[in-house]
Amino acid sequence: MNKKIINLINRFFLLSISLSYLLSYNVHAKPISYKLDSNSSKVGFSVKHKITKDVYGEFLKSFGKADYNSKTNKIFNIESEIDVKSIDTGNSKRDRHLRSPDFFDAQNYPKIYFKSDNVELVSENQYKVYGSLTMRGVKKEIILEGEKSKDSRGNLFFEATSIINRQDFGISWNRPFQKIAGMMVSNEVKIFLKIKMIQI
């Protein structure tokens with residue numbers, strides 16, 4: 001075999017190896033770590049109430065982190081921690097009751113935790129986040145559904161919702177509503193998140 005053919009074969013293999021390395025680097029690029037920007041994020045909830053209007057509230061103090069691979073557009077290792085005592089529904093008397101053992105029992109369970117198990121990319125910016133929510137010492141699997149966007153500075157933005165049953169977490173306080181059959185406070189609670197994540 002002449003030298004020209006050998007040189008061509010060698011160049012071909014070198015090129016193949018280089019391309020394989022570059023493709024592997026792109027797919028397995030080091031993920032970027034993010035943290036929650038608490039000043040620009042909202043962790044909220046709503047619950048139906050038979051007497052008053054539906055109750056809306058939020059937790060004013062929350063912390064979170066996640067990893068993001070810009071090459072694969074995948075988010076993973078999502079963890080968050082919520083300060084129960086920071087609950088705010090716009091009514092101080094109600095907030096005190098929500099912090100009491102009737103509801104969140106903030107004295108014994110001061111934090112709510114969430115940790116992702118799997119993040120499913122539904123479409124380019126649509127996600128389903130499967131994970132565990134721990135509240136009042138009870139851990140339950142939940143699904144958050146939402147979408148992601150990104151600004152020119154590399155900040156990530158998420159909007160997501162989920163529906164849980166508060167009874168699953170031992171939050172069972174209620175009163176009969178005598179005017180119609182049923183209880184005063186619904187067991188179904190809607191969680192809604194508007195989150196901004198910044199690079200660490």
# chains A, B, ... in the order shown; residues from 1 in each chain; ligands from 1
>>> select_by_dssp(residues="range 6-196 of chain A", states="helix (DSSP H, G or I)", output="PyMOL selection string")
chain A and resi 6-27+38-40+84-86+92-99+166-169
>>> write_last_selection(atoms="C-alpha atoms", output="mmCIF file, in the first residue's frame")
data_model
loop_
_atom_site.group_PDB
_atom_site.id
_atom_site.type_symbol
_atom_site.label_atom_id
_atom_site.label_comp_id
_atom_site.auth_asym_id
_atom_site.auth_seq_id
_atom_site.Cartn_x
_atom_site.Cartn_y
_atom_site.Cartn_z
ATOM 1 C CA ILE A 6 -1.723 5.273 4.255
ATOM 2 C CA ASN A 7 -1.593 9.018 4.963
ATOM 3 C CA LEU A 8 -5.204 9.422 3.810
ATOM 4 C CA ILE A 9 -6.343 6.588 6.072
ATOM 5 C CA ASN A 10 -4.463 8.070 9.024
ATOM 6 C CA ARG A 11 -6.000 11.501 8.425
ATOM 7 C CA PHE A 12 -9.463 9.938 8.171
ATOM 8 C CA PHE A 13 -9.073 8.187 11.527
ATOM 9 C CA LEU A 14 -7.704 11.321 13.175
ATOM 10 C CA LEU A 15 -10.627 13.334 11.842
ATOM 11 C CA SER A 16 -13.090 10.699 13.052
ATOM 12 C CA ILE A 17 -11.578 10.694 16.533
ATOM 13 C CA SER A 18 -11.640 14.511 16.680
ATOM 14 C CA LEU A 19 -15.291 14.650 15.611
ATOM 15 C CA SER A 20 -16.252 11.974 18.125
ATOM 16 C CA TYR A 21 -14.538 13.946 20.887
ATOM 17 C CA LEU A 22 -16.256 17.174 19.930
ATOM 18 C CA LEU A 23 -19.681 15.546 19.722
ATOM 19 C CA SER A 24 -19.145 13.800 23.036
ATOM 20 C CA TYR A 25 -18.098 17.109 24.628
ATOM 21 C CA ASN A 26 -21.205 18.875 23.355
ATOM 22 C CA VAL A 27 -23.583 16.203 24.613
ATOM 23 C CA SER A 38 -35.772 34.719 46.107
ATOM 24 C CA ASN A 39 -36.323 38.421 45.414
ATOM 25 C CA SER A 40 -37.754 37.686 41.962
ATOM 26 C CA VAL A 84 -43.144 27.733 56.691
ATOM 27 C CA LYS A 85 -43.176 30.708 59.061
ATOM 28 C CA SER A 86 -42.923 33.055 56.078
ATOM 29 C CA SER A 92 -52.324 38.038 59.986
ATOM 30 C CA LYS A 93 -54.910 36.163 62.072
ATOM 31 C CA ARG A 94 -55.313 33.524 59.388
ATOM 32 C CA ASP A 95 -51.539 33.285 58.940
ATOM 33 C CA ARG A 96 -51.125 32.560 62.667
ATOM 34 C CA HIS A 97 -53.731 29.819 62.400
ATOM 35 C CA LEU A 98 -51.973 28.334 59.353
ATOM 36 C CA ARG A 99 -48.691 28.207 61.301
ATOM 37 C CA ARG A 166 -53.659 18.459 51.985
ATOM 38 C CA GLN A 167 -55.054 15.425 53.826
ATOM 39 C CA ASP A 168 -52.180 13.389 52.370
ATOM 40 C CA PHE A 169 -49.801 15.464 54.484
#
>>> select_by_dssp(residues="range 80-200 of chain A", states="strand (DSSP E)", output="VMD selection string")
chain A and resid 80 to 83 87 to 88 111 to 121 126 to 135 138 to 150 156 to 165 185 to 199
>>> closest_residue(among="A:Ile142, A:Asp88, A:Lys194, A:Val55", to="Glu159 in chain A", atoms="only C-alpha atoms")
A:Lys194
>>> atom_distance(atom1="CA of Gln107 in chain A", atom2="CA of Glu188 in chain A")
23.8 Å
>>> closest_residue(among="A:Ser162, A:Ser172, A:Asn73, A:Lys140", to="Glu124 in chain A", atoms="only C-alpha atoms")
A:Asn73
>>> residues_around(residues="Ile32 in chain A", least_positions_apart="4", cutoff="9 Å", atoms="only C-alpha atoms", output="ChimeraX atom specification")
/A:66-70,199-200
>>> write_last_selection(atoms="C-alpha atoms", output="PDB file, in the first residue's frame")
ATOM      1  CA  ALA A  66     -30.783  23.093  40.151  1.00  0.00           C
ATOM      2  CA  ASP A  67     -28.400  22.005  37.410  1.00  0.00           C
ATOM      3  CA  TYR A  68     -28.947  22.789  33.744  1.00  0.00           C
ATOM      4  CA  ASN A  69     -27.260  21.430  30.614  1.00  0.00           C
ATOM      5  CA  SER A  70     -27.642  24.012  27.859  1.00  0.00           C
ATOM      6  CA  GLN A 199     -26.078  31.104  37.826  1.00  0.00           C
ATOM      7  CA  ILE A 200     -23.963  30.388  40.874  1.00  0.00           C
TER       8      ILE A 200
END
>>> closest_residue(among="A:Ser149, A:Asn187, A:Asn155, A:Asn108", to="Ser46 in chain A", atoms="only C-alpha atoms")
A:Asn187
>>> closest_residue(among="A:Gly64, A:Gly137, A:Pro110, A:Gly57", to="Asn77 in chain A", atoms="only C-alpha atoms")
A:Gly64
>>> closest_residue(among="A:Phe45, A:Tyr127, A:Phe114, A:Phe59", to="Ile75 in chain A", atoms="only C-alpha atoms")
A:Tyr127
>>> closest_residue(among="A:Ile87, A:Glu58, A:Met197, A:Lys148", to="Ser100 in chain A", atoms="only C-alpha atoms")
A:Ile87
